[in-house]
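Peer 1: File run03.cif follows (mmCIF, C-alpha atoms and all ligand atoms):
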```cif
data_query
#
loop_
_atom_site.label_atom_id
_atom_site.label_comp_id
_atom_site.auth_asym_id
_atom_site.auth_seq_id
_atom_site.Cartn_x
_atom_site.Cartn_y
_atom_site.Cartn_z
CA MET J 1 13.73 -19.44 -7.39
CA ARG J 2 13.00 -15.93 -6.13
CA THR J 3 10.31 -13.43 -7.11
CA GLN J 4 8.68 -10.35 -5.62
CA VAL J 5 5.03 -11.45 -5.74
CA ALA J 6 4.07 -15.14 -6.01
CA ILE J 7 0.56 -15.41 -7.45
CA ILE J 8 -1.47 -18.56 -6.83
CA GLY J 9 -4.02 -19.23 -9.60
CA ALA J 10 -4.16 -18.25 -13.29
CA GLY J 11 -7.84 -17.34 -13.45
CA PRO J 12 -8.77 -13.78 -14.43
CA ALA J 13 -7.75 -12.40 -10.99
CA GLY J 14 -4.24 -13.92 -10.99
CA LEU J 15 -3.57 -13.12 -14.65
CA MET J 16 -4.77 -9.51 -14.35
CA LEU J 17 -2.74 -8.94 -11.18
CA GLY J 18 0.30 -10.42 -12.95
CA LYS J 19 -0.20 -8.10 -15.93
CA LEU J 20 -0.62 -4.93 -13.83
CA LEU J 21 2.50 -5.74 -11.79
CA GLU J 22 4.49 -6.62 -14.91
CA MET J 23 3.63 -3.17 -16.32
CA SER J 24 5.13 -1.60 -13.18
CA GLY J 25 8.32 -3.64 -13.38
CA ILE J 26 7.37 -5.89 -10.45
CA ASP J 27 8.49 -9.50 -10.75
CA THR J 28 5.85 -12.24 -10.49
CA VAL J 29 5.51 -15.99 -10.91
CA ILE J 30 2.04 -17.53 -11.30
CA LEU J 31 1.42 -21.09 -10.11
CA GLU J 32 -1.68 -22.74 -11.60
CA ARG J 33 -2.91 -26.21 -10.68
CA LYS J 34 -4.56 -26.96 -14.04
CA SER J 35 -3.37 -26.81 -17.66
CA ALA J 36 -3.88 -23.63 -19.72
CA ASN J 37 -6.40 -25.46 -21.92
CA TYR J 38 -8.41 -26.60 -18.92
CA VAL J 39 -8.57 -23.03 -17.59
CA LEU J 40 -9.73 -21.82 -21.02
CA GLY J 41 -12.37 -24.56 -21.22
CA ARG J 42 -14.31 -23.33 -18.17
CA ILE J 43 -17.41 -21.45 -19.27
CA ARG J 44 -18.24 -18.79 -16.71
CA ALA J 45 -18.96 -15.09 -16.67
CA GLY J 46 -20.25 -13.06 -19.57
CA VAL J 47 -20.85 -9.47 -18.45
CA LEU J 48 -18.25 -6.75 -17.78
CA GLU J 49 -18.87 -3.49 -15.95
CA GLN J 50 -17.30 -0.23 -17.14
CA GLY J 51 -14.59 -0.53 -14.45
CA ALA J 52 -13.54 -3.96 -15.75
CA MET J 53 -13.52 -2.68 -19.35
CA ASP J 54 -11.34 0.26 -18.29
CA LEU J 55 -8.95 -2.06 -16.44
CA LEU J 56 -8.57 -4.39 -19.44
CA ASP J 57 -7.88 -1.32 -21.52
CA ALA J 58 -5.33 0.07 -19.05
CA ALA J 59 -3.61 -3.33 -19.00
CA GLY J 60 -3.24 -3.12 -22.78
CA VAL J 61 -5.57 -6.05 -23.49
CA GLY J 62 -8.78 -4.21 -24.42
CA ALA J 63 -8.51 -4.24 -28.22
CA ARG J 64 -10.25 -7.57 -28.94
CA MET J 65 -12.92 -6.87 -26.31
CA TYR J 66 -13.81 -3.57 -28.01
CA ALA J 67 -13.74 -5.21 -31.46
CA GLU J 68 -15.72 -8.36 -30.65
CA GLY J 69 -17.63 -7.63 -27.42
CA LEU J 70 -21.26 -6.49 -27.48
CA ILE J 71 -22.27 -3.27 -25.72
CA HIS J 72 -25.64 -3.53 -23.96
CA THR J 73 -27.64 -0.55 -22.69
CA GLY J 74 -30.45 -2.42 -20.95
CA ILE J 75 -31.85 -5.80 -19.90
CA ASP J 76 -35.27 -7.41 -20.09
CA LEU J 77 -36.93 -8.58 -16.89
CA SER J 78 -39.67 -11.14 -17.39
CA PHE J 79 -42.12 -11.97 -14.59
CA ASP J 80 -44.47 -14.91 -15.24
CA GLY J 81 -44.19 -14.12 -18.95
CA GLU J 82 -44.74 -10.35 -18.66
CA VAL J 83 -41.65 -8.56 -19.99
CA HIS J 84 -40.30 -5.14 -19.02
CA ARG J 85 -37.09 -3.55 -20.31
CA ILE J 86 -34.84 -1.73 -17.85
CA ASP J 87 -32.88 0.96 -19.62
CA PHE J 88 -29.41 1.72 -18.22
CA GLY J 89 -29.70 5.44 -19.14
CA ASP J 90 -26.21 6.70 -19.85
CA ARG J 91 -24.59 3.52 -18.48
CA LYS J 92 -23.65 0.30 -20.27
CA VAL J 93 -22.10 -3.14 -19.86
CA MET J 94 -19.98 -5.22 -22.22
CA VAL J 95 -20.93 -8.80 -23.05
CA TYR J 96 -17.57 -10.52 -23.51
CA GLY J 97 -16.90 -14.00 -22.16
CA GLN J 98 -14.56 -14.74 -19.27
CA THR J 99 -12.86 -17.29 -21.55
CA GLU J 100 -11.91 -14.47 -23.91
CA VAL J 101 -10.71 -12.20 -21.07
CA THR J 102 -8.55 -15.08 -19.81
CA ARG J 103 -7.19 -15.83 -23.28
CA ASP J 104 -6.28 -12.17 -23.88
CA LEU J 105 -4.47 -11.98 -20.52
CA MET J 106 -2.67 -15.30 -21.06
CA GLU J 107 -1.42 -14.17 -24.46
CA ALA J 108 -0.21 -10.83 -23.11
CA ARG J 109 1.77 -12.34 -20.22
CA LYS J 110 5.54 -12.30 -20.64
CA ALA J 111 6.60 -13.48 -17.16
CA GLU J 112 6.49 -17.10 -16.05
CA THR J 113 3.29 -19.06 -15.44
CA ILE J 114 3.79 -22.60 -14.20
CA TYR J 115 0.77 -24.65 -15.23
CA GLU J 116 0.01 -28.05 -13.71
CA ALA J 117 1.75 -27.08 -10.46
CA GLU J 118 0.76 -29.74 -7.92
CA ASP J 119 0.64 -29.67 -4.12
CA VAL J 120 1.11 -25.90 -3.88
CA ALA J 121 1.80 -25.06 -0.23
CA LEU J 122 2.36 -21.67 1.44
CA HIS J 123 4.95 -21.21 4.20
CA ASP J 124 5.85 -18.44 6.67
CA CYS J 125 3.16 -16.05 5.45
CA ASP J 126 3.28 -14.13 8.72
CA GLY J 127 7.07 -13.77 8.68
CA GLY J 128 9.15 -11.42 6.54
CA ARG J 129 10.11 -14.05 3.93
CA PRO J 130 7.20 -16.14 2.73
CA ARG J 131 7.82 -19.20 0.54
CA VAL J 132 5.70 -21.29 -1.79
CA SER J 133 6.50 -24.93 -2.53
CA TYR J 134 5.01 -27.03 -5.34
CA ARG J 135 5.63 -30.10 -7.45
CA HIS J 136 5.97 -29.91 -11.20
CA ALA J 137 6.75 -32.78 -13.58
CA GLY J 138 7.61 -34.99 -10.61
CA GLU J 139 10.06 -32.57 -8.96
CA THR J 140 9.64 -30.40 -5.88
CA HIS J 141 10.44 -26.68 -6.14
CA GLU J 142 10.35 -23.66 -3.86
CA ILE J 143 9.84 -19.94 -4.54
CA GLU J 144 10.97 -17.26 -2.11
CA CYS J 145 9.01 -14.02 -2.32
CA ASP J 146 8.03 -10.78 -0.59
CA PHE J 147 4.27 -11.31 -0.90
CA ILE J 148 1.80 -14.03 -1.87
CA ALA J 149 -1.40 -13.18 -3.73
CA GLY J 150 -4.05 -15.87 -3.26
CA CYS J 151 -6.04 -15.73 -6.50
CA ASP J 152 -6.89 -19.43 -6.51
CA GLY J 153 -10.66 -19.35 -6.38
CA PHE J 154 -13.12 -20.66 -3.81
CA HIS J 155 -11.54 -24.13 -3.50
CA GLY J 156 -7.91 -22.95 -3.53
CA VAL J 157 -5.13 -23.46 -1.01
CA SER J 158 -4.60 -19.79 -0.05
CA ARG J 159 -7.63 -19.14 2.13
CA ALA J 160 -7.24 -22.64 3.57
CA SER J 161 -3.68 -21.70 4.64
CA MET J 162 -4.88 -18.87 6.87
CA PRO J 163 -5.36 -19.73 10.54
CA ALA J 164 -9.08 -20.22 11.11
CA SER J 165 -8.87 -17.98 14.18
CA ASP J 166 -7.86 -15.04 11.93
CA LEU J 167 -10.79 -15.47 9.54
CA ARG J 168 -14.40 -14.41 9.85
CA THR J 169 -16.55 -16.05 7.22
CA TYR J 170 -20.10 -15.15 6.21
CA GLU J 171 -22.03 -17.56 4.04
CA ARG J 172 -25.39 -18.36 2.52
CA VAL J 173 -25.78 -21.49 0.40
CA TYR J 174 -28.84 -21.47 -1.85
CA PRO J 175 -30.86 -24.68 -2.23
CA PHE J 176 -30.58 -24.55 -6.04
CA GLY J 177 -28.08 -24.16 -8.86
CA TRP J 178 -27.98 -22.98 -12.47
CA LEU J 179 -28.00 -25.53 -15.26
CA GLY J 180 -26.21 -23.79 -18.13
CA VAL J 181 -26.07 -24.62 -21.84
CA LEU J 182 -23.82 -23.12 -24.51
CA VAL J 183 -25.07 -23.38 -28.09
CA ASP J 184 -23.90 -22.19 -31.50
CA ARG J 185 -27.13 -20.44 -32.38
CA PRO J 186 -27.91 -16.69 -32.49
CA PRO J 187 -29.24 -15.25 -29.21
CA VAL J 188 -33.03 -15.14 -28.84
CA ALA J 189 -32.91 -11.35 -28.23
CA ASP J 190 -30.45 -8.47 -28.59
CA GLU J 191 -30.17 -8.04 -24.81
CA LEU J 192 -30.14 -10.38 -21.80
CA ILE J 193 -33.48 -11.66 -20.46
CA TYR J 194 -33.73 -12.41 -16.71
CA ALA J 195 -36.93 -14.38 -16.18
CA HIS J 196 -38.83 -15.16 -13.00
CA HIS J 197 -41.38 -17.97 -13.36
CA GLU J 198 -43.12 -20.17 -10.83
CA ARG J 199 -41.25 -23.15 -12.38
CA GLY J 200 -38.02 -21.31 -11.52
CA PHE J 201 -35.60 -18.68 -12.81
CA ALA J 202 -34.23 -18.62 -16.38
CA LEU J 203 -31.61 -16.46 -18.09
CA CYS J 204 -31.05 -15.87 -21.80
CA SER J 205 -27.51 -14.63 -22.34
CA MET J 206 -24.96 -14.75 -25.14
CA ARG J 207 -21.30 -14.86 -26.03
CA SER J 208 -21.52 -13.37 -29.55
CA LYS J 209 -24.06 -12.77 -32.33
CA SER J 210 -23.89 -16.47 -33.18
CA ARG J 211 -23.31 -18.14 -29.79
CA SER J 212 -25.83 -18.16 -26.91
CA ARG J 213 -25.70 -19.05 -23.25
CA TYR J 214 -28.88 -20.11 -21.43
CA TYR J 215 -29.53 -21.05 -17.81
CA VAL J 216 -32.42 -22.54 -15.84
CA GLN J 217 -32.66 -22.79 -12.05
CA VAL J 218 -32.60 -26.43 -10.86
CA PRO J 219 -32.56 -28.04 -7.40
CA MET J 220 -29.00 -28.97 -6.34
CA THR J 221 -30.11 -32.60 -6.31
CA GLU J 222 -30.37 -32.59 -10.14
CA LYS J 223 -27.71 -34.42 -12.22
CA VAL J 224 -26.55 -32.96 -15.50
CA GLU J 225 -26.76 -36.45 -17.14
CA ASP J 226 -30.51 -36.40 -16.58
CA TRP J 227 -30.88 -33.27 -18.70
CA SER J 228 -31.01 -34.10 -22.41
CA ASP J 229 -30.82 -31.05 -24.70
CA GLU J 230 -34.50 -31.52 -25.48
CA ARG J 231 -35.50 -31.50 -21.83
CA PHE J 232 -33.43 -28.33 -21.27
CA TRP J 233 -35.02 -26.47 -24.21
CA ASP J 234 -38.55 -27.50 -23.13
CA GLU J 235 -37.93 -26.25 -19.59
CA LEU J 236 -36.41 -22.98 -20.79
CA ARG J 237 -39.34 -22.32 -23.17
CA ALA J 238 -41.83 -23.00 -20.36
CA ARG J 239 -40.27 -20.22 -18.26
CA LEU J 240 -40.18 -17.54 -20.98
CA ASN J 241 -42.81 -15.28 -22.47
CA PRO J 242 -44.58 -17.19 -25.32
CA ASP J 243 -43.24 -14.93 -28.13
CA THR J 244 -39.68 -15.30 -26.85
CA ALA J 245 -40.13 -19.07 -26.45
CA ALA J 246 -41.33 -19.29 -30.06
CA ALA J 247 -38.32 -17.31 -31.31
CA LEU J 248 -35.74 -19.43 -29.45
CA LYS J 249 -33.21 -21.04 -31.79
CA THR J 250 -32.16 -24.35 -30.31
CA GLY J 251 -29.40 -26.75 -31.32
CA PRO J 252 -26.97 -29.30 -29.89
CA SER J 253 -25.35 -28.05 -26.68
CA ILE J 254 -21.57 -27.57 -26.82
CA GLU J 255 -21.29 -27.31 -23.02
CA LYS J 256 -23.69 -28.19 -20.24
CA SER J 257 -23.02 -27.93 -16.50
CA ILE J 258 -24.63 -27.15 -13.14
CA ALA J 259 -23.18 -24.34 -10.99
CA PRO J 260 -24.12 -24.05 -7.31
CA LEU J 261 -25.24 -20.67 -5.94
CA ARG J 262 -23.56 -19.23 -2.88
CA SER J 263 -22.93 -15.93 -1.12
CA PHE J 264 -19.64 -15.95 0.81
CA VAL J 265 -17.13 -13.47 2.25
CA ALA J 266 -13.92 -14.22 4.19
CA GLU J 267 -12.66 -11.22 6.15
CA PRO J 268 -10.13 -9.61 6.44
CA LEU J 269 -8.54 -10.80 3.12
CA ARG J 270 -5.05 -10.74 4.67
CA HIS J 271 -2.77 -12.80 6.87
CA GLY J 272 0.69 -11.27 7.21
CA ARG J 273 2.11 -11.18 3.68
CA LEU J 274 -0.65 -13.29 2.15
CA PHE J 275 -3.52 -11.42 0.44
CA LEU J 276 -6.73 -12.89 -0.98
CA ALA J 277 -8.40 -11.58 -4.15
CA GLY J 278 -11.30 -12.71 -6.35
CA ASP J 279 -13.26 -15.89 -5.68
CA ALA J 280 -10.65 -16.96 -3.08
CA ALA J 281 -12.04 -14.19 -0.87
CA HIS J 282 -15.71 -14.00 -1.82
CA ILE J 283 -18.45 -15.63 -3.87
CA VAL J 284 -21.62 -14.04 -5.18
CA PRO J 285 -24.50 -15.88 -6.83
CA PRO J 286 -24.16 -15.20 -10.60
CA THR J 287 -27.54 -13.41 -10.83
CA GLY J 288 -26.01 -9.92 -10.61
CA ALA J 289 -23.05 -10.81 -12.90
CA LYS J 290 -20.66 -9.45 -10.29
CA GLY J 291 -18.04 -12.20 -9.60
CA LEU J 292 -15.54 -11.44 -12.35
CA ASN J 293 -16.08 -7.70 -11.96
CA LEU J 294 -15.32 -7.86 -8.23
CA ALA J 295 -12.20 -9.92 -8.93
CA MET J 296 -11.01 -7.17 -11.29
CA HIS J 297 -11.67 -4.51 -8.66
CA ASP J 298 -9.77 -6.47 -5.98
CA VAL J 299 -6.66 -6.94 -8.10
CA ARG J 300 -6.60 -3.32 -9.19
CA ALA J 301 -6.54 -2.28 -5.52
CA LEU J 302 -3.93 -4.95 -4.69
CA ALA J 303 -1.72 -3.97 -7.64
CA GLU J 304 -1.86 -0.31 -6.58
CA ALA J 305 -0.92 -1.35 -3.03
CA PHE J 306 2.13 -3.33 -4.22
CA MET J 307 3.17 -0.48 -6.55
CA ALA J 308 3.11 2.03 -3.68
CA PHE J 309 5.18 -0.39 -1.60
CA TYR J 310 7.88 -0.96 -4.23
CA ARG J 311 7.98 2.54 -5.69
CA LYS J 312 7.51 4.71 -2.61
CA GLY J 313 8.23 2.31 0.25
CA SER J 314 4.70 2.98 1.51
CA SER J 315 2.71 0.25 3.30
CA ALA J 316 -0.46 2.37 3.42
CA GLY J 317 -2.02 0.67 0.37
CA ILE J 318 -1.22 -2.78 1.67
CA ASP J 319 -2.66 -1.96 5.08
CA GLY J 320 -5.76 -0.40 3.52
CA TYR J 321 -6.37 -3.10 0.87
CA ALA J 322 -8.87 -5.19 2.84
CA ASP J 323 -11.05 -2.23 3.84
CA ARG J 324 -11.03 -0.78 0.33
CA ALA J 325 -11.92 -4.08 -1.32
CA LEU J 326 -14.48 -5.13 1.29
CA LYS J 327 -16.57 -1.97 0.84
CA ARG J 328 -17.30 -2.90 -2.75
CA ILE J 329 -17.53 -6.62 -2.00
CA TRP J 330 -20.39 -6.13 0.47
CA LEU J 331 -22.29 -3.80 -1.87
CA ALA J 332 -22.02 -6.42 -4.62
CA GLU J 333 -23.04 -9.15 -2.15
CA ARG J 334 -26.13 -7.10 -1.31
CA PHE J 335 -27.13 -6.55 -4.93
CA SER J 336 -26.49 -10.18 -5.96
CA TRP J 337 -28.48 -11.48 -2.98
CA TRP J 338 -31.35 -9.08 -3.74
CA MET J 339 -31.48 -9.96 -7.43
CA THR J 340 -31.33 -13.68 -6.56
CA SER J 341 -34.22 -13.24 -4.08
CA LEU J 342 -36.32 -11.34 -6.61
CA LEU J 343 -35.93 -13.78 -9.47
CA HIS J 344 -35.67 -17.32 -8.07
CA THR J 345 -38.26 -19.69 -6.68
CA PHE J 346 -37.39 -20.66 -3.11
CA PRO J 347 -38.82 -23.74 -1.39
CA GLU J 348 -39.92 -21.55 1.54
CA THR J 349 -41.29 -18.59 -0.48
CA GLY J 350 -45.01 -19.36 -0.09
CA ALA J 351 -47.92 -17.22 -1.28
CA PHE J 352 -46.85 -14.12 0.69
CA GLY J 353 -43.28 -14.30 -0.63
CA ARG J 354 -44.50 -14.57 -4.23
CA ARG J 355 -46.66 -11.47 -3.80
CA ILE J 356 -43.64 -9.61 -2.44
CA GLN J 357 -41.60 -10.73 -5.48
CA ARG J 358 -44.41 -9.49 -7.72
CA ALA J 359 -44.48 -6.16 -5.85
CA GLU J 360 -40.68 -5.81 -6.30
CA PHE J 361 -41.13 -6.41 -10.02
CA ASP J 362 -43.98 -3.89 -10.25
CA TYR J 363 -41.91 -1.30 -8.38
CA LEU J 364 -38.99 -1.80 -10.79
CA ARG J 365 -41.38 -1.69 -13.77
CA THR J 366 -43.01 1.58 -12.74
CA SER J 367 -40.42 3.56 -10.78
CA GLU J 368 -37.78 5.53 -12.63
CA VAL J 369 -35.82 5.86 -9.39
CA ALA J 370 -35.82 2.06 -8.88
CA GLN J 371 -34.63 1.60 -12.48
CA ARG J 372 -31.81 4.12 -12.02
CA SER J 373 -30.75 2.35 -8.83
CA PHE J 374 -30.85 -1.01 -10.62
CA ALA J 375 -28.76 0.35 -13.50
CA GLU J 376 -26.22 1.87 -11.13
CA ASN J 377 -25.75 -1.44 -9.32
CA TYR J 378 -25.85 -3.68 -12.41
CA CYS J 379 -23.48 -1.54 -14.49
CA GLY J 380 -21.12 -0.94 -11.56
CA LEU J 381 -21.18 1.41 -8.57
CA PRO J 382 -18.65 4.25 -8.55
CA ASP J 383 -15.35 3.36 -6.85
P1 LIG P 401 -11.12 -18.56 -10.73
O1 LIG P 401 -11.59 -18.19 -12.09
O2 LIG P 401 -11.81 -19.66 -10.02
O3 LIG P 401 -9.56 -18.90 -10.86
C1 LIG P 401 -8.83 -19.50 -9.81
C2 LIG P 401 -7.70 -20.29 -10.40
O4 LIG P 401 -6.92 -20.88 -9.33
C3 LIG P 401 -6.61 -22.21 -9.67
N1 LIG P 401 -6.33 -22.97 -8.43
C4 LIG P 401 -5.09 -23.29 -8.00
N2 LIG P 401 -3.88 -23.05 -8.52
C5 LIG P 401 -2.80 -23.52 -7.84
N3 LIG P 401 -2.90 -24.24 -6.68
C6 LIG P 401 -4.11 -24.49 -6.13
N4 LIG P 401 -4.20 -25.19 -4.98
C7 LIG P 401 -5.27 -24.01 -6.80
N5 LIG P 401 -6.59 -24.09 -6.54
C8 LIG P 401 -7.23 -23.45 -7.53
C9 LIG P 401 -7.83 -22.71 -10.42
O5 LIG P 401 -7.54 -23.84 -11.24
C10 LIG P 401 -8.20 -21.46 -11.24
O6 LIG P 401 -7.59 -21.45 -12.51
O7 LIG P 401 -11.13 -17.30 -9.74
P2 LIG P 401 -10.87 -15.73 -10.04
O8 LIG P 401 -9.64 -15.55 -10.89
O9 LIG P 401 -10.96 -15.08 -8.73
O10 LIG P 401 -12.07 -15.27 -10.97
C11 LIG P 401 -13.39 -15.23 -10.48
C12 LIG P 401 -14.39 -15.54 -11.59
O11 LIG P 401 -14.00 -16.73 -12.23
C13 LIG P 401 -15.81 -15.68 -11.06
O12 LIG P 401 -16.08 -14.74 -10.05
C14 LIG P 401 -16.87 -15.49 -12.16
O13 LIG P 401 -16.78 -16.51 -13.12
C15 LIG P 401 -18.28 -15.48 -11.56
N6 LIG P 401 -19.33 -15.41 -12.59
C16 LIG P 401 -19.65 -14.20 -13.19
N7 LIG P 401 -18.98 -13.08 -12.88
C17 LIG P 401 -19.25 -11.89 -13.53
O14 LIG P 401 -18.62 -10.87 -13.20
N8 LIG P 401 -20.20 -11.80 -14.52
C18 LIG P 401 -20.92 -12.89 -14.90
O15 LIG P 401 -21.71 -12.78 -15.83
C19 LIG P 401 -20.69 -14.15 -14.21
N9 LIG P 401 -21.36 -15.25 -14.55
C20 LIG P 401 -20.02 -16.56 -12.97
C21 LIG P 401 -21.05 -16.45 -13.96
C22 LIG P 401 -19.72 -17.81 -12.41
C23 LIG P 401 -20.44 -18.92 -12.80
N10 LIG P 401 -20.08 -20.16 -12.20
C24 LIG P 401 -19.72 -21.29 -12.94
C25 LIG P 401 -19.81 -20.21 -10.78
C26 LIG P 401 -21.76 -17.56 -14.35
C27 LIG P 401 -21.49 -18.79 -13.76
C28 LIG P 401 -22.34 -19.96 -14.17
C1 LIG P 402 -23.50 -15.38 -18.65
O1 LIG P 402 -23.61 -14.98 -19.82
O2 LIG P 402 -22.88 -16.43 -18.37
C2 LIG P 402 -24.14 -14.62 -17.56
C3 LIG P 402 -24.71 -13.39 -17.83
C4 LIG P 402 -25.32 -12.68 -16.81
C5 LIG P 402 -25.35 -13.20 -15.53
C6 LIG P 402 -24.76 -14.42 -15.26
C7 LIG P 402 -24.16 -15.14 -16.27
O3 LIG P 402 -25.98 -12.51 -14.55
#
```
Could the structure of this file be written out as structure tokens, please?
Peer 2:
Amino acid sequence: MRTQVAIIGAGPAGLMLGKLLEMSGIDTVILERKSANYVLGRIRAGVLEQGAMDLLDAAGVGARMYAEGLIHTGIDLSFDGEVHRIDFGDRKVMVYGQTEVTRDLMEARKAETIYEAEDVALHDCDGGRPRVSYRHAGETHEIECDFIAGCDGFHGVSRASMPASDLRTYERVYPFGWLGVLVDRPPVADELIYAHHERGFALCSMRSKSRSRYYVQVPMTEKVEDWSDERFWDELRARLNPDTAAALKTGPSIEKSIAPLRSFVAEPLRHGRLFLAGDAAHIVPPTGAKGLNLAMHDVRALAEAFMAFYRKGSSAGIDGYADRALKRIWLAERFSWWMTSLLHTFPETGAFGRRIQRAEFDYLRTSEVAQRSFAENYCGLPD
């Protein structure tokens, strides 16, 4: 088989790249290790920046998001039970689950996606004719292509196929994770609540007016089996302001999992004709809600680079892709790291560190400039 761009991974990055290229008449094949249902069953991001909304719209898949998504114009920050709302001013975000974004993109795709592709391997990425081999239904296949887009997430094969000597990686692994619960009950508040408490961080989020998503910070040594629904609700209530805790509508969890927290960047996102985008290239802790949004920004830049190559014969976009993407990646890394530091309890924080966290909160609570800066970062920096 032959294609122009072979895309590894059918998460939001791979599917969006595929859609943008399809709209420009560029041929793609997507290879995905899991089944479509498995991909749709992963509960992940919930918040879209304006840039991601605009991209979904431009890709012709924005209609359901605008009909069913929830526009938010602020968040609540809670510090040891004291709550302060940060208003986004003239900015906004859209609360619309990653599952729905993925479903909309899957349904809109006309070109081929090969699900349950096993043993995907990349060959000759630094030559003129890269190839991708894989097994499907017991048979081995090969795709010849011009370019490979590695959109296969943090544990994918693409980054692992780059020579280690070509990669510079930067990483911070946090000593805790987020235990998340999805529940078919109305959200406790109209907007998201990010809560710092000495017992640990908590987040009240949502997927719709009738479905909520809640998280509590837990040590990475915790096992999800040890967290009954009751234990989760008790811990969440303990970290919230008493009025919010009293208003919480609990019920049987429909999903429960622990996600590790990590900051990670692999530079320079390129090896010959192989390009990395999304979680394959970088990870942010979920505190700033930036992961999916960064993935959307990467693939927009990569799609524009491929379009310039095929339409105008220009390699400038391809050569400039890493620098363009990395500028935004590092700004999002900074914000996600800062928000994680402000809101979580760290084993090494100590009394001084807690006072600094309190001072950060007070500054945000009282300074209009700090609030504007927060809103600019949370809702999405200009391109
Ligand atoms: P994905 O979604 O991981 O998709 C990669 C796909 O590649 C496949 N794959 C392979 N396919 C073929 N061969 C192989 N060898 C392969 N190896 C892997 C995988 O099966 C998968 O289908 O990466 P992508 O597309 O880059 O998308 C990134 C986002 O998923 C991620 O950044 C966000 O979910 C992060 N995130 C959030 N981002 C936001 O913008 N806003 C949020 O509110 C937000 N909340 C979150 C989050 C992530 C979380 N977790 C679980 C880490 C909340 C949580 C709890
Ligand atoms: C979510 O709803 O899953 C969510 C929302 C905001 C975040 C992270 C996760 O910062």
Peer 1: Taking all atoms listed in the file and a cut-off of 10 Å, can you tell me which residues surround ligand LIG 402 (chain P), written as a PyMOL selection string?
Peer 2: chain J and resi 43-48+75+95-98+178+180-182+192-194+203-207+212-215+285-291+336+339-340+378
Peer 1: Neighbours of ligand LIG 401 (chain P) within 7 Å, counting only C-alpha atoms and all ligand atoms, as an MDAnalysis selection string?
Peer 2: chainID J and resid 8:14 31:34 39 43:48 98 117:120 151:157 178 180 259:260 277:280 283 286 289:295
Peer 1: Here is a test: counting all atoms listed in the file, which residue of J:His344, J:Arg262, J:Lys249, J:Arg103 is nearest to Met65 in chain J?
Peer 2: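 Among the listed residues, J:Arg103 lies closest to Met65 in chain J.
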Peer 1: Do a neighbour search on Glu267 in chain J at 9 Å with only C-alpha atoms, toss out local chain neighbours closer than 5 positions, and write the hits as an NGL selection string.
Peer 2: :J and (166-170 or 281-282 or 322 or 326)
Peer 1: So which residues touch Ala308 in chain J within 12 Å, counting all atoms listed in the file, skipping near sequence neighbours fewer than 5 positions away, as a PyMOL selection string?
Peer 2: chain J and resi 21+24+26+301-303+313-321
Peer 1: Which of these residues is nearest to Phe79 in chain J, using all atoms listed in the file: J:Gln357, J:Gln371, J:Gln217, J:Thr3?
Peer 2: J:Gln357
Peer 1: Could you work out how far CA of Cys145 in chain J lies from CA of Ala164 in chain J, giving the answer in Å with one decimal?
Peer 2: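 Spanning CA of Ala164 in chain J to CA of Cys145 in chain J is a straight-line distance of 23.4 Å.
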Peer 1: Would you compute the distance between CA of Arg42 in chain J and CA of Val284 in chain J? Give it in Å to one decimal.
Peer 2: 17.6 Å
Peer 1: Skip Met1 in chain J itself and residues of its chain fewer than 3 positions away, then list as JSON, numbers by chain all residues within 12 Å of it, counting all atoms listed in the file.
Peer 2: {"J": [4, 5, 6, 27, 28, 29, 112, 131, 132, 133, 134, 140, 141, 142, 143, 144, 145]}
Peer 1: Store the residues picked out above in a file with C-alpha atoms, as a JSON list (two decimals), in the frame of the given file.
Peer 2:
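Written out: result-v2.json:
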```json
[["chain", "number", "residue", "atom", "x", "y", "z"],
["J", 4, "GLN", "CA", 8.68, -10.35, -5.62],
["J", 5, "VAL", "CA", 5.03, -11.45, -5.74],
["J", 6, "ALA", "CA", 4.07, -15.14, -6.01],
["J", 27, "ASP", "CA", 8.49, -9.50, -10.75],
["J", 28, "THR", "CA", 5.85, -12.24, -10.49],
["J", 29, "VAL", "CA", 5.51, -15.99, -10.91],
["J", 112, "GLU", "CA", 6.49, -17.10, -16.05],
["J", 131, "ARG", "CA", 7.82, -19.20, 0.54],
["J", 132, "VAL", "CA", 5.70, -21.29, -1.79],
["J", 133, "SER", "CA", 6.50, -24.93, -2.53],
["J", 134, "TYR", "CA", 5.01, -27.03, -5.34],
["J", 140, "THR", "CA", 9.64, -30.40, -5.88],
["J", 141, "HIS", "CA", 10.44, -26.68, -6.14],
["J", 142, "GLU", "CA", 10.35, -23.66, -3.86],
["J", 143, "ILE", "CA", 9.84, -19.94, -4.54],
["J", 144, "GLU", "CA", 10.97, -17.26, -2.11],
["J", 145, "CYS", "CA", 9.01, -14.02, -2.32]]
```
Peer 1: What separation in Å, quoted to one decimal, exists between CA of Thr99 in chain J and CA of Arg270 in chain J?
Peer 2: 28.1 Å
Peer 1: Neighbours of Ala375 in chain J within 9 Å (all atoms listed in the file; same-chain residues fewer than 4 positions away dropped), as a list in words?
Peer 2: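 Contacts, in chain order: Gly74, Ile86, Asp87, Phe88, Gly89, Arg91, Lys92, Ala370, Gln371, Cys379 and Gly380 of chain J.
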Peer 1: From the list J:Glu333, J:Arg199, J:Leu17, J:Asn37, which residue is nearest Glu235 in chain J when using all atoms listed in the file?
Peer 2: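 Among J:Glu333, J:Arg199, J:Leu17, J:Asn37, it is J:Arg199 that comes nearest to Glu235 in chain J.
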Peer 1: Counting all atoms listed in the file, which of J:Met307, J:Leu240, J:Leu105, J:Leu343 gets nearest to Leu15 in chain J?
Peer 2: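 Nearest candidate to Leu15 in chain J out of J:Met307, J:Leu240, J:Leu105, J:Leu343: J:Leu105.
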